[in-house]
$ cat work09.cif   # mmCIF, C-alpha atoms
data_coords
#
loop_
_atom_site.label_atom_id
_atom_site.label_comp_id
_atom_site.auth_asym_id
_atom_site.auth_seq_id
_atom_site.Cartn_x
_atom_site.Cartn_y
_atom_site.Cartn_z
CA MET J 39 7.61 -8.06 -5.00
CA ASN J 40 6.73 -9.47 -1.56
CA VAL J 41 10.44 -9.86 -0.78
CA PHE J 42 11.09 -6.19 -1.56
CA SER J 43 8.03 -5.18 0.48
CA SER J 44 9.42 -7.03 3.48
CA LEU J 45 12.75 -5.22 3.07
CA THR J 46 10.99 -1.81 3.08
CA SER J 47 8.30 -2.63 5.64
CA PRO J 48 7.82 -0.23 8.58
CA SER J 49 7.11 -3.17 10.87
CA SER J 50 10.79 -3.23 11.86
CA CYS J 51 10.44 0.27 13.33
CA PRO J 52 7.08 0.43 15.17
CA HIS J 53 8.20 3.42 17.25
CA LEU J 54 7.78 5.62 14.16
CA TYR J 55 4.57 4.31 12.63
CA TYR J 56 2.58 2.71 15.44
CA LEU J 57 -0.23 5.24 15.94
CA PRO J 58 -3.51 3.27 15.94
CA SER J 59 -6.02 6.05 15.42
CA TYR J 60 -3.86 7.88 12.88
CA ASN J 61 -3.04 4.69 10.98
CA ALA J 62 -6.71 3.73 10.80
CA THR J 63 -7.54 7.07 9.16
CA ILE J 64 -4.66 6.76 6.71
CA SER J 65 -5.42 3.16 5.76
CA ASN J 66 -9.09 3.97 5.12
CA SER J 67 -8.13 6.76 2.71
CA GLY J 68 -5.61 4.57 0.87
CA ILE J 69 -2.64 6.82 1.67
CA SER J 70 0.72 5.32 2.66
CA ASN J 71 1.69 6.36 6.16
CA VAL J 72 5.41 5.81 5.48
CA ILE J 73 5.59 8.07 2.42
CA LEU J 74 3.42 10.73 4.05
CA ARG J 75 5.58 10.76 7.16
CA HIS J 76 8.81 11.12 5.19
CA TYR J 77 7.47 13.86 2.93
CA ASN J 78 6.24 15.76 5.95
CA HIS J 79 9.59 15.40 7.74
CA THR J 80 11.66 16.66 4.80
CA GLY J 81 9.29 19.52 3.98
CA ARG J 82 8.22 18.12 0.61
CA LEU J 83 4.60 18.04 1.74
CA GLN J 84 4.24 21.81 1.44
CA ASN J 85 1.96 23.10 -1.35
CA ARG J 86 1.00 19.55 -2.38
CA THR J 87 -2.43 17.95 -2.68
CA ILE J 88 -2.94 14.56 -1.06
CA SER J 89 -6.55 14.02 -2.12
CA ASN J 90 -7.32 12.45 -5.48
CA THR J 91 -10.06 14.91 -6.41
CA GLN J 92 -8.10 16.74 -9.12
CA ASN J 93 -7.38 14.54 -12.13
CA GLN J 94 -6.67 17.36 -14.58
CA ILE J 95 -3.35 17.42 -16.42
CA SER J 96 -1.50 20.71 -16.06
CA VAL J 97 0.38 22.43 -18.85
CA THR J 98 3.80 21.59 -17.41
CA MET J 99 2.84 17.94 -17.01
CA ALA J 100 1.61 17.85 -20.61
CA VAL J 101 4.95 19.31 -21.76
CA PHE J 102 6.90 16.73 -19.74
CA LEU J 103 4.73 13.93 -21.13
CA PHE J 104 5.38 15.14 -24.68
CA ILE J 105 9.14 15.30 -24.03
CA SER J 106 9.23 11.78 -22.59
CA VAL J 107 7.19 10.31 -25.47
CA PHE J 108 9.43 12.11 -27.97
CA ILE J 109 12.54 10.70 -26.27
CA ILE J 110 11.10 7.17 -26.42
CA LEU J 111 10.21 7.37 -30.12
CA GLU J 112 13.48 9.05 -31.05
CA ASN J 113 15.62 6.46 -29.31
CA LEU J 114 13.55 3.62 -30.76
CA LEU J 115 14.34 4.94 -34.24
CA VAL J 116 18.05 5.23 -33.49
CA LEU J 117 18.12 1.79 -31.85
CA MET J 118 16.61 0.16 -34.96
CA ALA J 119 19.10 2.02 -37.17
CA VAL J 120 22.04 0.92 -35.00
CA ILE J 121 20.86 -2.71 -34.97
CA SER J 122 20.67 -2.67 -38.77
CA ARG J 123 24.18 -1.24 -38.89
CA ILE J 124 25.43 -3.93 -36.50
CA CYS J 125 24.04 -6.64 -38.80
CA ASN J 126 25.85 -5.12 -41.80
CA SER J 127 29.21 -4.29 -40.22
CA ARG J 128 30.75 -5.97 -37.20
CA ARG J 129 32.11 -2.92 -35.39
CA TRP J 130 32.12 -2.82 -31.60
CA VAL J 131 31.41 0.93 -31.50
CA TYR J 132 27.87 0.33 -32.78
CA VAL J 133 27.26 -2.17 -29.99
CA CYS J 134 28.26 0.46 -27.43
CA ILE J 135 26.10 3.11 -29.11
CA ALA J 136 23.18 0.68 -29.05
CA ASN J 137 23.84 0.19 -25.35
CA ILE J 138 23.72 3.95 -24.69
CA THR J 139 20.57 4.26 -26.81
CA LEU J 140 18.94 1.50 -24.78
CA SER J 141 19.77 3.32 -21.55
CA ASP J 142 18.33 6.55 -23.00
CA LEU J 143 15.19 4.63 -23.96
CA LEU J 144 14.95 3.38 -20.39
CA THR J 145 15.39 6.95 -19.12
CA GLY J 146 12.48 8.22 -21.21
CA THR J 147 10.30 5.29 -20.14
CA ALA J 148 11.17 5.70 -16.46
CA TYR J 149 10.47 9.44 -16.64
CA LEU J 150 7.11 8.78 -18.28
CA VAL J 151 6.18 6.29 -15.54
CA ASN J 152 7.40 8.74 -12.91
CA ILE J 153 5.16 11.48 -14.27
CA CYS J 154 2.11 9.22 -14.42
CA MET J 155 2.68 8.04 -10.84
CA SER J 156 3.51 11.45 -9.36
CA GLY J 157 1.31 14.11 -7.77
CA SER J 158 -1.38 12.78 -5.49
CA GLN J 159 -0.65 9.24 -6.70
CA THR J 160 2.70 9.38 -4.88
CA PHE J 161 1.05 8.99 -1.47
CA ARG J 162 -0.92 5.93 -2.61
CA LEU J 163 2.16 3.94 -3.53
CA SER J 164 3.71 1.35 -1.30
CA PRO J 165 7.29 2.07 -0.15
CA ALA J 166 8.60 -0.74 -2.37
CA LEU J 167 6.80 0.63 -5.43
CA TRP J 168 8.02 4.16 -4.67
CA LEU J 169 11.62 2.92 -4.42
CA PHE J 170 11.19 0.97 -7.68
CA ARG J 171 9.85 4.09 -9.43
CA GLU J 172 12.83 6.20 -8.41
CA GLY J 173 15.30 3.35 -8.85
CA MET J 174 14.55 3.07 -12.57
CA LEU J 175 16.06 6.51 -13.17
CA PHE J 176 19.16 5.55 -11.17
CA VAL J 177 19.48 2.34 -13.20
CA ALA J 178 19.29 4.32 -16.46
CA LEU J 179 21.85 6.84 -15.17
CA ALA J 180 24.25 4.11 -14.05
CA ALA J 181 23.84 2.25 -17.37
CA SER J 182 24.66 5.44 -19.32
CA ILE J 183 27.78 6.13 -17.26
CA PHE J 184 29.02 2.55 -17.47
CA SER J 185 28.39 2.56 -21.24
CA LEU J 186 30.46 5.73 -21.63
CA LEU J 187 33.23 4.14 -19.59
CA LEU J 188 33.09 1.01 -21.75
CA ILE J 189 33.43 3.08 -24.93
CA ALA J 190 36.34 5.04 -23.45
CA VAL J 191 38.25 1.90 -22.38
CA GLU J 192 37.73 0.06 -25.67
CA ARG J 193 38.58 3.13 -27.71
CA TYR J 194 41.76 3.60 -25.70
CA THR J 195 42.86 -0.02 -26.17
CA THR J 196 42.17 -0.03 -29.92
CA MET J 197 43.88 3.32 -30.47
CA MET J 198 46.97 2.61 -28.42
CA LYS J 199 47.34 -1.10 -29.28
CA PRO J 200 45.61 -1.99 -32.56
CA LEU J 201 44.47 -5.60 -32.61
CA PRO J 202 45.04 -7.98 -35.56
CA GLU J 203 42.10 -9.17 -37.61
CA LYS J 204 42.11 -12.63 -36.00
CA THR J 205 41.27 -11.22 -32.57
CA CYS J 206 38.48 -8.92 -33.80
CA ARG J 207 35.84 -11.62 -33.25
CA LYS J 208 37.07 -12.19 -29.69
CA THR J 209 36.88 -8.44 -29.08
CA TYR J 210 33.32 -8.44 -30.40
CA TYR J 211 32.24 -11.18 -27.99
CA ARG J 212 34.09 -9.48 -25.16
CA ILE J 213 32.11 -6.30 -25.82
CA TYR J 214 28.86 -8.23 -25.47
CA GLY J 215 30.05 -9.64 -22.15
CA LEU J 216 31.03 -6.19 -20.88
CA VAL J 217 27.65 -4.76 -21.94
CA VAL J 218 25.88 -7.43 -19.90
CA LEU J 219 28.20 -6.66 -16.97
CA CYS J 220 27.36 -2.94 -17.27
CA TRP J 221 23.65 -3.65 -16.92
CA VAL J 222 24.23 -6.00 -13.96
CA PHE J 223 26.17 -3.28 -12.12
CA ALA J 224 23.56 -0.67 -13.07
CA LEU J 225 20.71 -2.81 -11.73
CA VAL J 226 22.56 -3.49 -8.48
CA ILE J 227 23.49 0.15 -7.87
CA GLY J 228 20.09 1.51 -8.90
CA PHE J 229 18.07 -0.91 -6.76
CA LEU J 230 20.23 -0.84 -3.61
CA PRO J 231 17.56 1.24 -1.79
CA LEU J 232 14.97 -1.36 -2.76
CA LEU J 233 17.26 -4.06 -1.36
CA GLY J 234 17.43 -2.36 2.04
CA TRP J 235 19.73 0.69 1.83
CA ASN J 236 16.97 3.22 2.57
CA CYS J 237 15.84 5.45 5.42
CA VAL J 238 12.43 3.94 6.17
CA CYS J 239 13.38 3.59 9.85
CA SER J 240 15.66 6.65 10.06
CA LEU J 241 14.00 9.98 9.34
CA ASP J 242 17.06 12.05 10.26
CA GLY J 243 19.18 10.43 7.55
CA CYS J 244 16.66 10.94 4.74
CA SER J 245 17.26 12.95 1.60
CA THR J 246 15.14 15.99 0.82
CA LEU J 247 14.98 15.38 -2.93
CA LEU J 248 14.18 11.68 -2.46
CA PRO J 249 12.51 11.39 0.96
CA LEU J 250 12.86 7.59 1.24
CA TYR J 251 16.50 7.53 0.07
CA SER J 252 19.33 7.56 2.55
CA LYS J 253 21.83 10.39 2.25
CA THR J 254 24.69 7.92 2.56
CA TYR J 255 23.44 6.02 -0.49
CA ILE J 256 23.21 9.23 -2.53
CA PHE J 257 26.75 10.21 -1.49
CA PHE J 258 27.99 6.70 -2.37
CA SER J 259 26.40 6.94 -5.83
CA LEU J 260 27.86 10.40 -6.41
CA ILE J 261 31.37 9.19 -5.53
CA ILE J 262 31.10 6.29 -7.98
CA PHE J 263 29.73 8.50 -10.76
CA PHE J 264 32.39 11.19 -10.23
CA LEU J 265 35.21 8.63 -10.27
CA ILE J 266 33.89 7.06 -13.48
CA LEU J 267 33.45 10.42 -15.20
CA THR J 268 36.96 11.47 -14.15
CA ALA J 269 38.38 8.26 -15.61
CA ILE J 270 36.43 8.88 -18.83
CA GLY J 271 37.85 12.40 -19.08
CA VAL J 272 41.43 11.18 -18.57
CA LEU J 273 41.07 8.41 -21.16
CA TYR J 274 39.59 10.68 -23.80
CA GLY J 275 42.25 13.29 -23.16
CA ALA J 276 44.97 10.72 -23.84
CA ILE J 277 43.10 9.34 -26.88
CA TYR J 278 42.57 12.77 -28.40
CA CYS J 279 46.26 13.70 -28.07
CA HIS J 280 47.30 10.40 -29.66
CA VAL J 281 44.87 10.66 -32.58
CA TYR J 282 45.70 14.31 -33.20
CA LYS J 283 49.42 13.56 -33.42
CA SER J 284 48.83 10.57 -35.67
CA ALA J 285 46.59 12.59 -38.00
CA GLN J 286 49.28 15.23 -38.39
CA MET J 287 52.03 12.70 -39.09
CA THR J 288 50.13 10.39 -41.44
CA PRO J 289 47.03 12.00 -42.94
CA CYS J 290 45.06 8.86 -43.76
CA ARG J 291 41.35 8.46 -44.45
CA ASN J 292 40.93 5.95 -41.63
CA ARG J 293 42.59 8.32 -39.19
CA LYS J 294 40.24 11.12 -40.17
CA ARG J 295 37.27 8.82 -39.78
CA SER J 296 38.46 7.74 -36.34
CA LEU J 297 39.03 11.37 -35.38
CA SER J 298 35.51 12.36 -36.42
CA LEU J 299 34.02 9.43 -34.51
CA LEU J 300 36.14 10.35 -31.50
CA LYS J 301 34.82 13.92 -31.64
CA THR J 302 31.29 12.54 -31.70
CA VAL J 303 31.88 10.45 -28.58
CA ILE J 304 33.58 13.37 -26.80
CA THR J 305 30.58 15.53 -27.66
CA ILE J 306 28.31 12.90 -26.11
CA VAL J 307 30.37 12.96 -22.89
CA GLY J 308 30.42 16.78 -22.83
CA VAL J 309 26.67 17.07 -23.30
CA PHE J 310 26.19 14.39 -20.63
CA MET J 311 28.19 16.46 -18.16
CA LEU J 312 26.30 19.66 -19.00
CA CYS J 313 22.90 17.98 -18.59
CA TRP J 314 23.59 15.82 -15.54
CA GLY J 315 26.10 18.13 -13.82
CA PRO J 316 23.51 20.47 -12.23
CA LEU J 317 21.57 17.51 -10.83
CA PHE J 318 24.80 16.01 -9.43
CA LEU J 319 25.55 19.31 -7.68
CA LEU J 320 22.01 19.46 -6.35
CA LEU J 321 22.35 15.95 -4.92
CA LEU J 322 25.63 17.02 -3.33
CA VAL J 323 23.89 19.99 -1.71
CA ASP J 324 21.17 17.62 -0.54
CA PHE J 325 23.75 15.48 1.24
CA PHE J 326 25.27 18.36 3.22
CA CYS J 327 22.05 20.30 3.80
CA ILE J 328 19.73 19.77 6.78
CA SER J 329 16.06 19.04 6.10
CA ARG J 330 13.85 22.12 5.55
CA GLN J 331 16.92 24.41 5.44
CA CYS J 332 17.64 24.63 1.69
CA SER J 333 14.80 26.06 -0.40
CA LEU J 334 16.65 25.19 -3.61
CA LEU J 335 15.90 21.51 -3.04
CA PHE J 336 12.15 22.08 -3.32
CA ASN J 337 12.45 23.18 -6.98
CA ALA J 338 14.31 20.25 -8.50
CA ASP J 339 11.95 19.59 -11.43
CA ILE J 340 13.99 21.81 -13.77
CA PHE J 341 17.24 19.96 -12.95
CA ILE J 342 15.61 16.56 -13.42
CA SER J 343 14.08 17.64 -16.74
CA LEU J 344 17.47 18.91 -17.94
CA ALA J 345 19.04 15.56 -17.05
CA VAL J 346 16.32 13.63 -18.87
CA LEU J 347 16.68 15.95 -21.88
CA ASN J 348 20.16 14.50 -22.39
CA SER J 349 18.51 11.27 -23.55
CA GLY J 350 16.80 13.23 -26.32
CA MET J 351 19.97 15.02 -27.41
CA ASN J 352 22.13 11.93 -27.89
CA PRO J 353 20.28 10.72 -31.05
CA ILE J 354 20.70 14.20 -32.55
CA ILE J 355 24.43 14.01 -31.84
CA TYR J 356 24.60 10.61 -33.53
CA ALA J 357 22.82 11.90 -36.63
CA LEU J 358 24.90 15.07 -36.93
CA GLY J 359 28.28 13.68 -35.91
CA SER J 360 28.48 10.29 -37.59
CA THR J 361 28.00 9.87 -41.33
CA ASP J 362 27.31 6.15 -41.00
CA MET J 363 24.60 6.73 -38.41
CA ARG J 364 23.04 9.45 -40.54
CA LYS J 365 22.95 7.12 -43.53
CA ALA J 366 21.44 4.31 -41.43
CA ILE J 367 18.67 6.59 -40.11
CA ILE J 368 17.91 7.93 -43.59
CA GLU J 369 17.81 4.40 -45.03
CA LEU J 370 15.46 3.29 -42.25
CA LEU J 371 13.14 6.23 -42.83
CA SER J 372 13.25 5.78 -46.61
CA CYS J 373 12.46 2.07 -46.30
CA SER J 374 9.48 2.77 -44.06
CA GLY J 375 8.32 5.53 -46.42
CA ALA J 376 8.73 3.26 -49.45
CA ALA J 377 6.73 0.53 -47.72
CA PHE J 378 3.95 3.03 -46.99
CA ILE J 379 3.98 4.28 -50.58
CA SER J 380 3.92 0.71 -51.93
CA LYS J 381 0.89 -0.05 -49.79
CA GLU J 382 -0.82 3.06 -51.11
CA THR J 383 0.01 2.19 -54.73
CA ASN J 384 -1.16 -1.38 -54.22
CA SER J 385 -4.46 -0.17 -52.84
CA THR J 386 -4.93 2.32 -55.67
CA SER J 387 -3.99 -0.27 -58.31
CA GLU J 388 -6.45 -2.73 -56.82
CA SER J 389 -9.19 -0.10 -56.86
CA ARG J 390 -8.39 0.75 -60.49
CA ARG J 391 -8.38 -2.93 -61.40
CA ASP J 392 -11.78 -3.38 -59.77
CA SER J 393 -13.22 -0.35 -61.58
CA LEU J 394 -11.88 -1.58 -64.94
CA ARG J 395 -13.28 -5.04 -64.29
CA ASN J 396 -16.70 -3.57 -63.48
CA SER J 397 -16.71 -1.40 -66.59
CA PHE J 398 -15.67 -4.36 -68.75
CA ASN J 399 -18.48 -6.46 -67.31
CA LYS J 400 -20.96 -3.69 -68.06
CA VAL J 401 -19.80 -3.44 -71.68
CA ARG J 402 -19.95 -7.22 -72.09
CA ASN J 403 -23.45 -7.35 -70.67
CA LEU J 404 -24.58 -4.63 -73.07
CA SER J 405 -23.04 -6.41 -76.06
CA VAL J 406 -24.74 -9.68 -75.15
CA ALA J 407 -28.12 -8.05 -74.59
CA SER J 408 -28.17 -6.12 -77.90
CA PRO J 409 -28.79 -8.08 -81.22
CA PRO J 410 -26.06 -8.17 -83.88
CA MET J 411 -26.18 -5.25 -86.28
CA THR J 412 -26.52 -5.82 -90.07
CA PRO J 413 -24.07 -3.10 -91.09
CA SER J 414 -21.32 -5.36 -89.89
CA LYS J 415 -21.63 -7.37 -93.10
CA THR J 416 -21.46 -4.25 -95.26
CA HIS J 417 -18.21 -3.30 -93.64
CA ARG J 418 -16.54 -6.39 -95.05
CA ALA J 419 -17.15 -5.33 -98.67
CA PRO J 420 -14.92 -2.25 -98.57
CA LYS J 421 -12.15 -4.40 -97.14
CA LYS J 422 -12.49 -6.73 -100.14
CA CYS J 423 -12.59 -3.79 -102.49
CA ARG J 424 -9.49 -2.41 -100.93
CA LEU J 425 -7.79 -5.73 -101.30
CA SER J 426 -8.89 -6.00 -104.94
CA SER J 427 -7.81 -2.49 -105.66
CA THR J 428 -4.40 -3.18 -104.18
CA THR J 429 -4.05 -6.34 -106.23
CA THR J 430 -5.10 -4.54 -109.37
CA CYS J 431 -2.62 -1.84 -108.67
CA LEU J 432 0.08 -4.40 -108.19
CA SER J 433 -0.94 -6.12 -111.41
CA VAL J 434 -0.88 -2.81 -113.26
CA SER J 435 2.47 -1.95 -111.86
CA SER J 436 3.81 -5.35 -112.79
CA GLY J 437 2.41 -5.10 -116.30
#
$ encode --input "work09.cif" --output "structure tokens"
Amino acid sequence: MNVFSSLTSPSSCPHLYYLPSYNATISNSGISNVILRHYNHTGRLQNRTISNTQNQISVTMAVFLFISVFIILENLLVLMAVISRICNSRRWVYVCIANITLSDLLTGTAYLVNICMSGSQTFRLSPALWLFREGMLFVALAASIFSLLLIAVERYTTMMKPLPEKTCRKTYYRIYGLVVLCWVFALVIGFLPLLGWNCVCSLDGCSTLLPLYSKTYIFFSLIIFFLILTAIGVLYGAIYCHVYKSAQMTPCRNRKRSLSLLKTVITIVGVFMLCWGPLFLLLLVDFFCISRQCSLLFNADIFISLAVLNSGMNPIIYALGSTDMRKAIIELLSCSGAAFISKETNSTSESRRDSLRNSFNKVRNLSVASPPMTPSKTHRAPKKCRLSSTTTCLSVSSG
């Protein structure tokens, strides 16, 4: 972390931050001079509390915390179901869905960390830690977009040029390599500001939404995301036309299954555009707008929450759109429920066994303590009489 701190250190621009008396006051209070200066320049310091006197959680923050925790738990469930499905059937689509689920899990975790480190805690972060906090969301966004592009490319190649069974294993290993490559690109793009592409020494080129981010970096990211999403739309348009024509010509069960899975993936892309589209437009406005001139940029929490909500909608789309995924989730829940019930039955059976053992010991102790009763001998006589009577009856019947 020392390397990243040196890359974001204000020591390279002392003309902005070298104010001895002011810096002494800031350092004694534990507030970062760099973050405070950038928030003040972009107008984000208005109606905000810098002091750490209020530690109460507001209603909106509690709602956002609940949403982020729900997204994390939901994607963990889907990720375990997808991993179990990958172990049972070697299909590359499940690897890609697991990749998207992992990026959604990272989105929920990054949003939860962002909420916990926001408010008055923002001004007590170092510039490197602030850039790392915001970079996690960019990494999750880039991983989601690259995962959607990977699914679109692989779906296009398998639909247009079906591969023989011998090359399926090579395709499976190639998918793993492309997934690793997706995360490498996502980490590089998301952490470019932490590596030096920021506006620590240039206040005029700072973003209003992200006061330490350079506007050129935001515009660069938007261009990459728009190009990838356009390519995804073109690929799925061609795939849908091909599958629709094939389903009409040869109505086969496999074709219908591929068509339903294709509709599920297209729904994921459509929901992604609806959730992230407003935030993309807001970032585009941020690039062209001058600081303190656009009041819309000061109310971006709704757009960010809508974008994060996409990570909670994807598991619902998996469960409703794919029969295999729905079965895997139900099996996972039923197995966990059966394990819980078995634990309960084991505990109850052990308690019953202990109670029966105690009652048996009590009865045995009572029988040992009490002397043998004499009527026990008298009870044997009727048995002999009964036996004699039966023998006499048999002898009479035989005679």
$ closest_atom_pairs --input "work09.cif" --of "segment 82-161 of chain J" --to "segment 341-352 of chain J" --cutoff "7 Å" --atoms "all atoms listed in the file" --output "JSON lines"
{"residue": "J:Ile109", "atom": "CA", "partner": "J:Gly350", "partner_atom": "CA", "distance": 5.0}
{"residue": "J:Asp142", "atom": "CA", "partner": "J:Ser349", "partner_atom": "CA", "distance": 4.8}
{"residue": "J:Thr145", "atom": "CA", "partner": "J:Val346", "partner_atom": "CA", "distance": 6.7}
$ closest_atom_pairs --input "work09.cif" --of "segment 72-162 of chain J" --to "segment 243-267 of chain J" --cutoff "10 Å" --atoms "all atoms listed in the file" --output "Markdown table"
| residue | atom | partner | partner_atom | distance |
| --- | --- | --- | --- | --- |
| J:Val72 | CA | J:Leu250 | CA | 8.8 |
| J:Ile73 | CA | J:Leu250 | CA | 7.4 |
| J:Leu74 | CA | J:Pro249 | CA | 9.6 |
| J:Arg75 | CA | J:Pro249 | CA | 9.3 |
| J:His76 | CA | J:Pro249 | CA | 5.6 |
| J:Tyr77 | CA | J:Pro249 | CA | 5.9 |
| J:Asn78 | CA | J:Pro249 | CA | 9.1 |
| J:His79 | CA | J:Pro249 | CA | 8.4 |
| J:Thr80 | CA | J:Thr246 | CA | 5.3 |
| J:Gly81 | CA | J:Thr246 | CA | 7.5 |
| J:Arg82 | CA | J:Thr246 | CA | 7.2 |
$ atom_distance --input "work09.cif" --atom1 "atom CA of Thr147 of chain J" --atom2 "atom CA of Ile110 of chain J"
6.6 Å
$ residues_around --input "work09.cif" --residues "Val226 of chain J" --least-positions-apart "4" --cutoff "12 Å" --atoms "all atoms listed in the file" --output "count of residues only"
18
$ atom_distance --input "work09.cif" --atom1 "atom CA of Arg162 of chain J" --atom2 "atom CA of Ile69 of chain J"
4.7 Å
$ atom_distance --input "work09.cif" --atom1 "atom CA of Ser106 of chain J" --atom2 "atom CA of Leu150 of chain J"
5.7 Å
$ closest_residue --input "work09.cif" --among "J:Leu144, J:Val107, J:Asp242, J:Arg123" --to "Cys327 of chain J" --atoms "only C-alpha atoms"
J:Asp242
$ closest_residue --input "work09.cif" --among "J:Ile304, J:Ile213, J:Ala338, J:Ile124" --to "Pro316 of chain J" --atoms "only C-alpha atoms"
J:Ala338
$ resolve_selection --input "work09.cif" --expression "the PyMOL selection byres ((chain J and resi 168) around 10)" --output "VMD selection string"
chain J and resid 73 152 155 to 156 160 to 167 169 to 173 232 248 250
$ resolve_selection --input "work09.cif" --expression "the PyMOL selection byres ((chain J and resi 99) around 12)" --output "PyMOL selection string"
chain J and resi 93-98+100-106+149-150+152-157+339+343
$ closest_residue --input "work09.cif" --among "J:Tyr282, J:Trp130, J:Phe326, J:Tyr356" --to "Tyr211 of chain J" --atoms "all atoms listed in the file"
J:Trp130
$ closest_residue --input "work09.cif" --among "J:Gln331, J:Ser141, J:Ser122, J:Ser158" --to "Leu83 of chain J" --atoms "only C-alpha atoms"
J:Ser158
$ closest_residue --input "work09.cif" --among "J:Ala148, J:Tyr194, J:Ile354, J:Lys301" --to "Asn113 of chain J" --atoms "all atoms listed in the file"
J:Ile354
$ axis_aligned_box --input "work09.cif" --around "segment 368-371 of chain J" --padding-each-side "8 Å" --output "lines of an AutoDock Vina configuration file"
center_x = 15.5
center_y = 5.6
center_z = -43.6
size_x = 20.8
size_y = 20.6
size_z = 18.8
$ residues_around --input "work09.cif" --residues "Tyr214 of chain J" --least-positions-apart "5" --cutoff "12 Å" --atoms "all atoms listed in the file" --output "VMD selection string"
chain J and resid 129 to 134 136 to 137 185 188 207 to 209 219 to 221
$ build_atoms --input "work09.cif" --residues "segment 96-107 of chain J" --atoms "N, CA, C and O atoms" --output "PDB file, keeping the file's coordinate frame"
ATOM      1  N   SER J  96      -1.958  19.334 -15.923  1.00  0.00           N
ATOM      2  CA  SER J  96      -1.500  20.710 -16.060  1.00  0.00           C
ATOM      3  C   SER J  96      -0.695  20.878 -17.338  1.00  0.00           C
ATOM      4  O   SER J  96      -0.335  19.910 -18.017  1.00  0.00           O
ATOM      5  N   VAL J  97      -0.377  22.131 -17.629  1.00  0.00           N
ATOM      6  CA  VAL J  97       0.380  22.430 -18.850  1.00  0.00           C
ATOM      7  C   VAL J  97       1.802  21.899 -18.743  1.00  0.00           C
ATOM      8  O   VAL J  97       2.350  21.312 -19.690  1.00  0.00           O
ATOM      9  N   THR J  98       2.430  22.089 -17.581  1.00  0.00           N
ATOM     10  CA  THR J  98       3.800  21.590 -17.410  1.00  0.00           C
ATOM     11  C   THR J  98       3.861  20.070 -17.496  1.00  0.00           C
ATOM     12  O   THR J  98       4.779  19.506 -18.091  1.00  0.00           O
ATOM     13  N   MET J  99       2.866  19.394 -16.919  1.00  0.00           N
ATOM     14  CA  MET J  99       2.840  17.940 -17.010  1.00  0.00           C
ATOM     15  C   MET J  99       2.644  17.478 -18.439  1.00  0.00           C
ATOM     16  O   MET J  99       3.256  16.492 -18.875  1.00  0.00           O
ATOM     17  N   ALA J 100       1.808  18.202 -19.194  1.00  0.00           N
ATOM     18  CA  ALA J 100       1.610  17.850 -20.610  1.00  0.00           C
ATOM     19  C   ALA J 100       2.904  18.028 -21.395  1.00  0.00           C
ATOM     20  O   ALA J 100       3.232  17.202 -22.261  1.00  0.00           O
ATOM     21  N   VAL J 101       3.663  19.085 -21.082  1.00  0.00           N
ATOM     22  CA  VAL J 101       4.950  19.310 -21.760  1.00  0.00           C
ATOM     23  C   VAL J 101       5.931  18.196 -21.423  1.00  0.00           C
ATOM     24  O   VAL J 101       6.624  17.655 -22.304  1.00  0.00           O
ATOM     25  N   PHE J 102       5.996  17.817 -20.145  1.00  0.00           N
ATOM     26  CA  PHE J 102       6.900  16.730 -19.740  1.00  0.00           C
ATOM     27  C   PHE J 102       6.487  15.405 -20.368  1.00  0.00           C
ATOM     28  O   PHE J 102       7.355  14.592 -20.751  1.00  0.00           O
ATOM     29  N   LEU J 103       5.196  15.149 -20.477  1.00  0.00           N
ATOM     30  CA  LEU J 103       4.730  13.930 -21.130  1.00  0.00           C
ATOM     31  C   LEU J 103       5.127  13.906 -22.599  1.00  0.00           C
ATOM     32  O   LEU J 103       5.567  12.877 -23.129  1.00  0.00           O
ATOM     33  N   PHE J 104       4.987  15.058 -23.268  1.00  0.00           N
ATOM     34  CA  PHE J 104       5.380  15.140 -24.680  1.00  0.00           C
ATOM     35  C   PHE J 104       6.880  14.905 -24.844  1.00  0.00           C
ATOM     36  O   PHE J 104       7.314  14.190 -25.769  1.00  0.00           O
ATOM     37  N   ILE J 105       7.690  15.470 -23.948  1.00  0.00           N
ATOM     38  CA  ILE J 105       9.140  15.300 -24.030  1.00  0.00           C
ATOM     39  C   ILE J 105       9.523  13.833 -23.836  1.00  0.00           C
ATOM     40  O   ILE J 105      10.351  13.277 -24.574  1.00  0.00           O
ATOM     41  N   SER J 106       8.898  13.177 -22.853  1.00  0.00           N
ATOM     42  CA  SER J 106       9.230  11.780 -22.590  1.00  0.00           C
ATOM     43  C   SER J 106       8.815  10.868 -23.747  1.00  0.00           C
ATOM     44  O   SER J 106       9.561   9.964 -24.136  1.00  0.00           O
ATOM     45  N   VAL J 107       7.631  11.121 -24.328  1.00  0.00           N
ATOM     46  CA  VAL J 107       7.190  10.310 -25.470  1.00  0.00           C
ATOM     47  C   VAL J 107       8.100  10.555 -26.674  1.00  0.00           C
ATOM     48  O   VAL J 107       8.458   9.615 -27.408  1.00  0.00           O
TER      49      VAL J 107
END
